[in-house]
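Trainee: The following block contains the structure, expressed as structure tokens.
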Amino acid sequence: MRRSLALTAVALVAALIPATRAGAAVTSAQATVFAPSPVQTLGRQDLTDAKDADLPVFAAAYRRVTLTDLDGSGALAGRYVAVKSATGKAATLVDGAFPAWHRDSDQFEQVMGYYWVTTAQLYLQHLGFGSNLRPVNQRQIELRIDQYGGDNSFFRDDKANITLGKGGVDDGEDAEVIVHEYGHSVQDGQVPGFGTTLESGAIGEAFGDYLAVAVTSWATGAPTLTPEACVADWDSTSYTSTTPHCLRRLDGNKHYPADVIGEVHADGEIWSRALWDIRGALGDTHATTLIVEAQFAFAAETTFAAAARATVDAAQRLYGATAAAAARSAFTARGLL
Ligand SMILES: [Ca+2]
Ligand SMILES: [Ca+2]
Ligand SMILES: [Ca+2]
Ligand SMILES: [Zn+2]
């Protein structure tokens with residue numbers, strides 16, 4: 001009797017609120033993160049991993065935020081991501097909130113993964129993807145944190161999952177590393193199997209870098225203490241010696257084909273500079289909307305030139321001739337058109 005009453009209530013709620021998945025109790029909870037990283041927040045290029053120690057200097061970089069779209073289980077699982085950690089106990093709610101774990105706790109990177117994947121998806125939705133434009137990657141991906149030695153994170157398109165490594169600075173401590181990986185998930189969601197050739201792979205790396213900057217600037221404001229074009233300011237302190245520390249930048253000056261070296265991350269800096277210039281000309285909202293919309297039309301093994309043409313076409317379709325000219329100019333400046 002009680003069970004059938006409960007089922008009726010769930011069915012009624014689902015009928016009244018069609019946007020809510022039947023039976024899925026979606027909730028929010030407070031948690032503590034870096035937003036997006038201590039280097040960017042504090043403007044200190046001298047920070048080092050210090051073997052994962054929670055030194056006093058980091059105190060001012062923590063932010064209390066609201067995790068949304070949780071599934072109500074008390075774990076870090078929700079509409080867009082489920083966190084699976086191979087290191088440490090799984091984070092769980094305590095009295096309705098996630099405790100204020102800091103960087104020396106395994107649970108901190110788990111919370112970071114949940115928050116930043118969800119924030120990246122909400123950024124895409126704020127652009128209109130899933131409302132006036134078709135949805136982009138609105139699926140639950142799996143995010144794993146692995147204690148393996150290498151300093152690398154990667155996206156596996158066979159399982160729609162992201163793995164964050166713990167080499168050097170834990171990758172999960174830098175929102176821009178997390179969102180970069182989510183960029184691969186986005187492109188795989190749009191074009192399954194995207195990015196297996198050199199040029200399509202370079203576009204994948206470039207888009208991940210671009211999305212990392214766009215999402216973190218949207219969520220926390222454009223940085224004033226570090227260059228906005230710098231990607232992964234915190235993670236890269238482990239493997240770069242010059243300052244500002246950047247894994248890569250969006251505002252480099254590489255040109256096609258002279259600067260192609262046959263490595264997807266390096267060659268991606270040709271493409272990401274074009275995206276950066278489109279954003280500079282049209283602003284974040286129009287630029288990212290047309291860039292993401294264009295990707296639906298990319299072949300899985302697209303060339304730079306074909307993808308550039310598709311992006312100009314999307315600019316024309318969405319915003320007209322002036323936007324198309326700005327996109328064309330950005331790609332021409334790189335030698336891509
Ligand atoms: Ca850590
Ligand atoms: Ca790292
Ligand atoms: Ca940055
Ligand atoms: Zn990548």
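Residues are named by chain letter and number: chains run A, B, ... in the order of the structure tokens, numbers start at 1 in each chain, and ligands are numbered from 1 in the order shown.
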Hey, what's within 8 Å of Phe58 of chain A if we count only C-alpha atoms and toss same-chain stuff fewer than 4 positions away? As a PyMOL selection string, please?
Mentor: chain A and resi 38+54+62
Trainee: Please, could you write that set of residues out with N, CA and C atoms as a PDB file, in the first residue's frame?
Mentor:
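In the end it all went to result14.pdb:
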ATOM      1  N   PRO A  38      44.781  27.629  -7.567  1.00  0.00           N
ATOM      2  CA  PRO A  38      45.430  28.599  -6.669  1.00  0.00           C
ATOM      3  C   PRO A  38      46.349  29.576  -7.403  1.00  0.00           C
ATOM      4  N   ASP A  54      48.855  20.833   2.431  1.00  0.00           N
ATOM      5  CA  ASP A  54      47.899  21.944   2.500  1.00  0.00           C
ATOM      6  C   ASP A  54      48.544  23.118   3.239  1.00  0.00           C
ATOM      7  N   TYR A  62      40.643  28.598  -1.526  1.00  0.00           N
ATOM      8  CA  TYR A  62      39.477  27.709  -1.451  1.00  0.00           C
ATOM      9  C   TYR A  62      38.187  28.503  -1.553  1.00  0.00           C
TER      10      TYR A  62
END
Trainee: Residues of segment 109-203 of chain A classed as alpha helix (DSSP H) by DSSP on the backbone are to be reported as number ranges by chain.
Mentor: A: 109-126, 175-190, 198-203
Trainee: Just the selected residues (N, CA and C atoms), exported as a short mmCIF file (atom, residue, chain, number, x, y, z; two decimals), in the first residue's frame, please.
Mentor:
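As a result, selection-v8.cif now contains:
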data_model
loop_
_atom_site.label_atom_id
_atom_site.label_comp_id
_atom_site.auth_asym_id
_atom_site.auth_seq_id
_atom_site.Cartn_x
_atom_site.Cartn_y
_atom_site.Cartn_z
N GLU A 109 39.89 16.21 -4.87
CA GLU A 109 39.89 16.09 -6.33
C GLU A 109 38.60 15.47 -6.84
N GLN A 110 38.00 14.61 -6.04
CA GLN A 110 36.70 14.04 -6.45
C GLN A 110 35.65 15.14 -6.57
N VAL A 111 35.61 16.02 -5.58
CA VAL A 111 34.67 17.14 -5.61
C VAL A 111 34.97 18.06 -6.80
N MET A 112 36.26 18.34 -7.02
CA MET A 112 36.65 19.18 -8.16
C MET A 112 36.14 18.58 -9.47
N GLY A 113 36.31 17.28 -9.63
CA GLY A 113 35.86 16.63 -10.87
C GLY A 113 34.36 16.79 -11.06
N TYR A 114 33.61 16.57 -10.00
CA TYR A 114 32.15 16.70 -10.12
C TYR A 114 31.77 18.14 -10.45
N TYR A 115 32.35 19.07 -9.70
CA TYR A 115 31.95 20.48 -9.86
C TYR A 115 32.29 21.00 -11.25
N TRP A 116 33.49 20.72 -11.72
CA TRP A 116 33.91 21.37 -12.97
C TRP A 116 33.33 20.71 -14.22
N VAL A 117 33.09 19.41 -14.19
CA VAL A 117 32.38 18.80 -15.33
C VAL A 117 30.95 19.35 -15.38
N THR A 118 30.30 19.42 -14.23
CA THR A 118 28.93 19.93 -14.22
C THR A 118 28.90 21.39 -14.64
N THR A 119 29.86 22.18 -14.17
CA THR A 119 29.92 23.60 -14.54
C THR A 119 30.12 23.76 -16.05
N ALA A 120 30.96 22.91 -16.63
CA ALA A 120 31.20 22.98 -18.08
C ALA A 120 29.91 22.68 -18.84
N GLN A 121 29.16 21.69 -18.39
CA GLN A 121 27.89 21.37 -19.05
C GLN A 121 26.89 22.52 -18.87
N LEU A 122 26.86 23.11 -17.69
CA LEU A 122 25.94 24.24 -17.46
C LEU A 122 26.33 25.45 -18.30
N TYR A 123 27.63 25.61 -18.55
CA TYR A 123 28.08 26.68 -19.46
C TYR A 123 27.53 26.45 -20.87
N LEU A 124 27.61 25.22 -21.34
CA LEU A 124 27.08 24.92 -22.68
C LEU A 124 25.57 25.17 -22.71
N GLN A 125 24.89 24.83 -21.63
CA GLN A 125 23.44 25.06 -21.58
C GLN A 125 23.13 26.55 -21.55
N HIS A 126 23.97 27.34 -20.88
CA HIS A 126 23.72 28.78 -20.84
C HIS A 126 23.86 29.40 -22.22
N ALA A 175 41.15 23.15 -12.42
CA ALA A 175 39.90 23.07 -13.17
C ALA A 175 40.14 23.05 -14.67
N GLU A 176 41.20 23.72 -15.11
CA GLU A 176 41.41 23.79 -16.56
C GLU A 176 41.85 22.44 -17.13
N VAL A 177 42.48 21.60 -16.34
CA VAL A 177 42.80 20.25 -16.80
C VAL A 177 41.50 19.43 -16.90
N ILE A 178 40.65 19.56 -15.91
CA ILE A 178 39.38 18.81 -15.91
C ILE A 178 38.53 19.21 -17.11
N VAL A 179 38.39 20.53 -17.33
CA VAL A 179 37.53 20.99 -18.43
C VAL A 179 38.16 20.67 -19.78
N HIS A 180 39.48 20.70 -19.87
CA HIS A 180 40.13 20.28 -21.12
C HIS A 180 39.69 18.84 -21.47
N GLU A 181 39.75 17.95 -20.49
CA GLU A 181 39.35 16.56 -20.76
C GLU A 181 37.86 16.49 -21.12
N TYR A 182 37.07 17.30 -20.45
CA TYR A 182 35.65 17.32 -20.79
C TYR A 182 35.43 17.80 -22.23
N GLY A 183 36.31 18.65 -22.73
CA GLY A 183 36.23 19.08 -24.12
C GLY A 183 36.30 17.89 -25.07
N HIS A 184 37.14 16.91 -24.77
CA HIS A 184 37.19 15.69 -25.60
C HIS A 184 35.86 14.95 -25.52
N SER A 185 35.29 14.90 -24.34
CA SER A 185 34.00 14.22 -24.17
C SER A 185 32.92 14.93 -24.98
N VAL A 186 32.96 16.27 -24.98
CA VAL A 186 31.99 17.07 -25.75
C VAL A 186 32.09 16.72 -27.23
N GLN A 187 33.31 16.71 -27.76
CA GLN A 187 33.46 16.44 -29.18
C GLN A 187 33.07 15.01 -29.52
N ASP A 188 33.38 14.07 -28.64
CA ASP A 188 32.96 12.69 -28.87
C ASP A 188 31.44 12.58 -28.81
N GLY A 189 30.83 13.36 -27.94
CA GLY A 189 29.37 13.37 -27.87
C GLY A 189 28.75 13.92 -29.14
N GLN A 190 29.42 14.89 -29.76
CA GLN A 190 28.90 15.50 -30.98
C GLN A 190 29.19 14.64 -32.22
N LEU A 198 45.95 13.35 -37.32
CA LEU A 198 46.76 14.44 -36.76
C LEU A 198 45.97 15.76 -36.68
N GLU A 199 45.34 16.14 -37.79
CA GLU A 199 44.66 17.44 -37.77
C GLU A 199 43.40 17.42 -36.93
N SER A 200 42.62 16.36 -37.01
CA SER A 200 41.41 16.30 -36.17
C SER A 200 41.81 16.17 -34.70
N GLY A 201 42.87 15.42 -34.44
CA GLY A 201 43.36 15.30 -33.07
C GLY A 201 43.84 16.64 -32.52
N ALA A 202 44.49 17.43 -33.38
CA ALA A 202 44.96 18.75 -32.95
C ALA A 202 43.76 19.66 -32.65
N ILE A 203 42.72 19.55 -33.46
CA ILE A 203 41.50 20.33 -33.19
C ILE A 203 40.91 19.92 -31.84
#
Trainee: Just checking: using only C-alpha atoms and all ligand atoms, which residue out of A:Leu336, A:Leu318, A:Val292, A:Val33 ends up closest to ligand 1?
Mentor: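 Using only C-alpha atoms and all ligand atoms, the shortest distance to ligand 1 belongs to A:Val33.
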Trainee: May I have the residues within 9 Å of segment 158-173 of chain A as a PyMOL selection string, using only C-alpha atoms and disregarding those fewer than 6 positions away in the same chain?
Mentor: chain A and resi 33-34+36-38+48-52+103+108-113+139-152+181-182+184-185+188-189+193+234-239
Trainee: Distance limit 9 Å, reference ligand 3, atoms considered: only C-alpha atoms and all ligand atoms. Which residues make the cut? Give them as a ChimeraX atom specification.
Mentor: /A:36-37,39-40,175-176,212-213,216-217,222-223,226-234,246,249
Trainee: Those selected residues, please, written with C-alpha atoms and delivered as a PDB file, in the first residue's frame.
Mentor:
ATOM      1  CA  PRO A  36      39.808  27.492 -10.959  1.00  0.00           C
ATOM      2  CA  SER A  37      43.260  27.037  -9.369  1.00  0.00           C
ATOM      3  CA  VAL A  39      47.879  30.063  -9.192  1.00  0.00           C
ATOM      4  CA  GLN A  40      45.096  31.830 -11.015  1.00  0.00           C
ATOM      5  CA  ALA A 175      39.896  23.069 -13.166  1.00  0.00           C
ATOM      6  CA  GLU A 176      41.413  23.788 -16.558  1.00  0.00           C
ATOM      7  CA  ALA A 212      38.973  25.238 -20.317  1.00  0.00           C
ATOM      8  CA  VAL A 213      39.537  28.987 -20.518  1.00  0.00           C
ATOM      9  CA  THR A 216      36.625  28.989 -16.030  1.00  0.00           C
ATOM     10  CA  SER A 217      36.334  32.640 -17.072  1.00  0.00           C
ATOM     11  CA  ALA A 222      38.355  36.501 -16.419  1.00  0.00           C
ATOM     12  CA  PRO A 223      41.610  36.274 -14.468  1.00  0.00           C
ATOM     13  CA  THR A 226      47.441  35.684 -14.706  1.00  0.00           C
ATOM     14  CA  PRO A 227      47.051  35.850 -18.513  1.00  0.00           C
ATOM     15  CA  GLU A 228      43.624  34.589 -19.574  1.00  0.00           C
ATOM     16  CA  ALA A 229      45.190  32.799 -22.558  1.00  0.00           C
ATOM     17  CA  CYS A 230      47.273  30.588 -20.257  1.00  0.00           C
ATOM     18  CA  VAL A 231      45.983  27.022 -19.832  1.00  0.00           C
ATOM     19  CA  ALA A 232      46.492  24.938 -16.671  1.00  0.00           C
ATOM     20  CA  ASP A 233      48.450  27.559 -14.741  1.00  0.00           C
ATOM     21  CA  TRP A 234      48.621  25.347 -11.632  1.00  0.00           C
ATOM     22  CA  CYS A 246      51.237  27.486 -18.784  1.00  0.00           C
ATOM     23  CA  ARG A 249      48.487  29.135 -24.497  1.00  0.00           C
TER      24      ARG A 249
END
Trainee: For the strand (DSSP E) assignment from backbone DSSP, which residues of segment 28-174 of chain A qualify? Please present them as a ChimeraX atom specification.
Mentor: /A:28-34,62-70,81-85,141-145,154-156,161-164
Trainee: Nearest to Phe296 of chain A: which of A:Ala29, A:Leu133, A:Ala97, A:Val260 is it, counting only C-alpha atoms?
Mentor: A:Leu133
Trainee: Enter the distance from atom CA of Phe298 of chain A to atom CA of Gly283 of chain A, in Å, rounded to one decimal.
Mentor: 22.8 Å
Trainee: Counting only C-alpha atoms, what is within 12 Å of Ala274 of chain A, bar same-chain residues fewer than 4 positions away, as a ChimeraX atom specification?
Mentor: /A:203,206-207,210,249-256,268-270,278-281,287,291,304,307-308,311-312,326-337
Trainee: Let me see the file: selected residues, N, CA and C atoms, as a compact mmCIF listing (two decimals), in the first residue's frame.
Mentor:
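So part07.txt came out as:
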# COMPACT_ATOMS: atom_id res chain seq x y z
N ILE A 203 42.72 19.55 -33.46
CA ILE A 203 41.50 20.33 -33.19
C ILE A 203 40.91 19.92 -31.84
N ALA A 206 43.00 21.53 -29.14
CA ALA A 206 42.78 22.97 -29.16
C ALA A 206 41.43 23.33 -28.55
N PHE A 207 40.41 22.57 -28.90
CA PHE A 207 39.08 22.87 -28.35
C PHE A 207 39.06 22.65 -26.84
N TYR A 210 40.63 25.66 -25.31
CA TYR A 210 39.72 26.81 -25.45
C TYR A 210 38.57 26.71 -24.45
N ARG A 249 49.20 27.86 -24.46
CA ARG A 249 48.49 29.14 -24.50
C ARG A 249 47.58 29.20 -25.72
N LEU A 250 46.56 30.03 -25.61
CA LEU A 250 45.64 30.22 -26.73
C LEU A 250 46.09 31.34 -27.66
N ASP A 251 47.06 32.14 -27.22
CA ASP A 251 47.40 33.35 -27.98
C ASP A 251 48.78 33.27 -28.63
N GLY A 252 49.21 32.05 -28.97
CA GLY A 252 50.49 31.89 -29.66
C GLY A 252 50.41 32.37 -31.09
N ASN A 253 51.50 32.22 -31.80
CA ASN A 253 51.57 32.79 -33.14
C ASN A 253 51.91 31.75 -34.20
N LYS A 254 51.54 30.48 -33.92
CA LYS A 254 51.88 29.42 -34.87
C LYS A 254 51.06 29.55 -36.15
N HIS A 255 51.70 29.14 -37.23
CA HIS A 255 51.11 29.29 -38.56
C HIS A 255 51.16 27.96 -39.31
N TYR A 256 50.09 27.72 -40.09
CA TYR A 256 50.00 26.51 -40.90
C TYR A 256 50.51 26.81 -42.31
N GLY A 268 47.87 21.77 -32.15
CA GLY A 268 46.60 22.34 -31.73
C GLY A 268 46.67 23.82 -31.45
N GLU A 269 47.87 24.30 -31.13
CA GLU A 269 48.00 25.74 -30.84
C GLU A 269 47.77 26.61 -32.08
N ILE A 270 47.82 26.00 -33.27
CA ILE A 270 47.45 26.75 -34.48
C ILE A 270 45.93 26.99 -34.46
N ILE A 278 38.54 34.49 -32.71
CA ILE A 278 37.09 34.61 -32.94
C ILE A 278 36.42 35.12 -31.67
N ARG A 279 36.85 34.60 -30.54
CA ARG A 279 36.30 35.04 -29.25
C ARG A 279 36.64 36.51 -29.00
N GLY A 280 37.84 36.90 -29.37
CA GLY A 280 38.24 38.30 -29.20
C GLY A 280 37.38 39.24 -30.06
N ALA A 281 37.00 38.76 -31.24
CA ALA A 281 36.23 39.60 -32.16
C ALA A 281 34.75 39.63 -31.80
N ALA A 287 31.02 33.60 -29.88
CA ALA A 287 32.13 32.79 -30.39
C ALA A 287 31.98 31.33 -30.00
N ILE A 291 31.34 28.09 -32.45
CA ILE A 291 32.42 27.09 -32.48
C ILE A 291 31.87 25.71 -32.15
N PHE A 304 41.97 20.46 -40.99
CA PHE A 304 41.85 21.84 -40.53
C PHE A 304 40.98 22.66 -41.49
N ALA A 307 37.23 21.85 -41.37
CA ALA A 307 36.65 22.31 -40.10
C ALA A 307 36.57 23.83 -40.06
N ALA A 308 37.54 24.50 -40.63
CA ALA A 308 37.50 25.96 -40.68
C ALA A 308 36.32 26.42 -41.53
N THR A 311 33.15 26.03 -39.65
CA THR A 311 33.01 27.04 -38.58
C THR A 311 32.56 28.38 -39.15
N VAL A 312 33.12 28.75 -40.30
CA VAL A 312 32.67 29.98 -40.96
C VAL A 312 31.19 29.85 -41.35
N ALA A 326 34.57 37.57 -39.46
CA ALA A 326 35.50 37.50 -38.32
C ALA A 326 36.10 36.10 -38.21
N ALA A 327 35.28 35.09 -38.39
CA ALA A 327 35.77 33.71 -38.32
C ALA A 327 36.75 33.44 -39.47
N ARG A 328 36.36 33.88 -40.67
CA ARG A 328 37.23 33.64 -41.84
C ARG A 328 38.58 34.32 -41.63
N SER A 329 38.53 35.53 -41.11
CA SER A 329 39.77 36.28 -40.88
C SER A 329 40.68 35.58 -39.86
N ALA A 330 40.07 35.00 -38.82
CA ALA A 330 40.87 34.30 -37.80
C ALA A 330 41.56 33.07 -38.40
N PHE A 331 40.87 32.33 -39.24
CA PHE A 331 41.47 31.13 -39.84
C PHE A 331 42.48 31.51 -40.93
N THR A 332 42.19 32.55 -41.69
CA THR A 332 43.13 33.01 -42.72
C THR A 332 44.45 33.44 -42.08
N ALA A 333 44.35 34.12 -40.96
CA ALA A 333 45.57 34.60 -40.27
C ALA A 333 46.47 33.46 -39.85
N ARG A 334 45.91 32.28 -39.63
CA ARG A 334 46.70 31.09 -39.25
C ARG A 334 47.15 30.28 -40.44
N GLY A 335 46.71 30.64 -41.65
CA GLY A 335 47.03 29.85 -42.83
C GLY A 335 46.10 28.66 -43.01
N LEU A 336 44.98 28.66 -42.29
CA LEU A 336 44.08 27.50 -42.30
C LEU A 336 43.02 27.62 -43.40
N LEU A 337 42.85 28.80 -43.95
CA LEU A 337 41.91 28.98 -45.07
C LEU A 337 42.64 29.77 -46.17
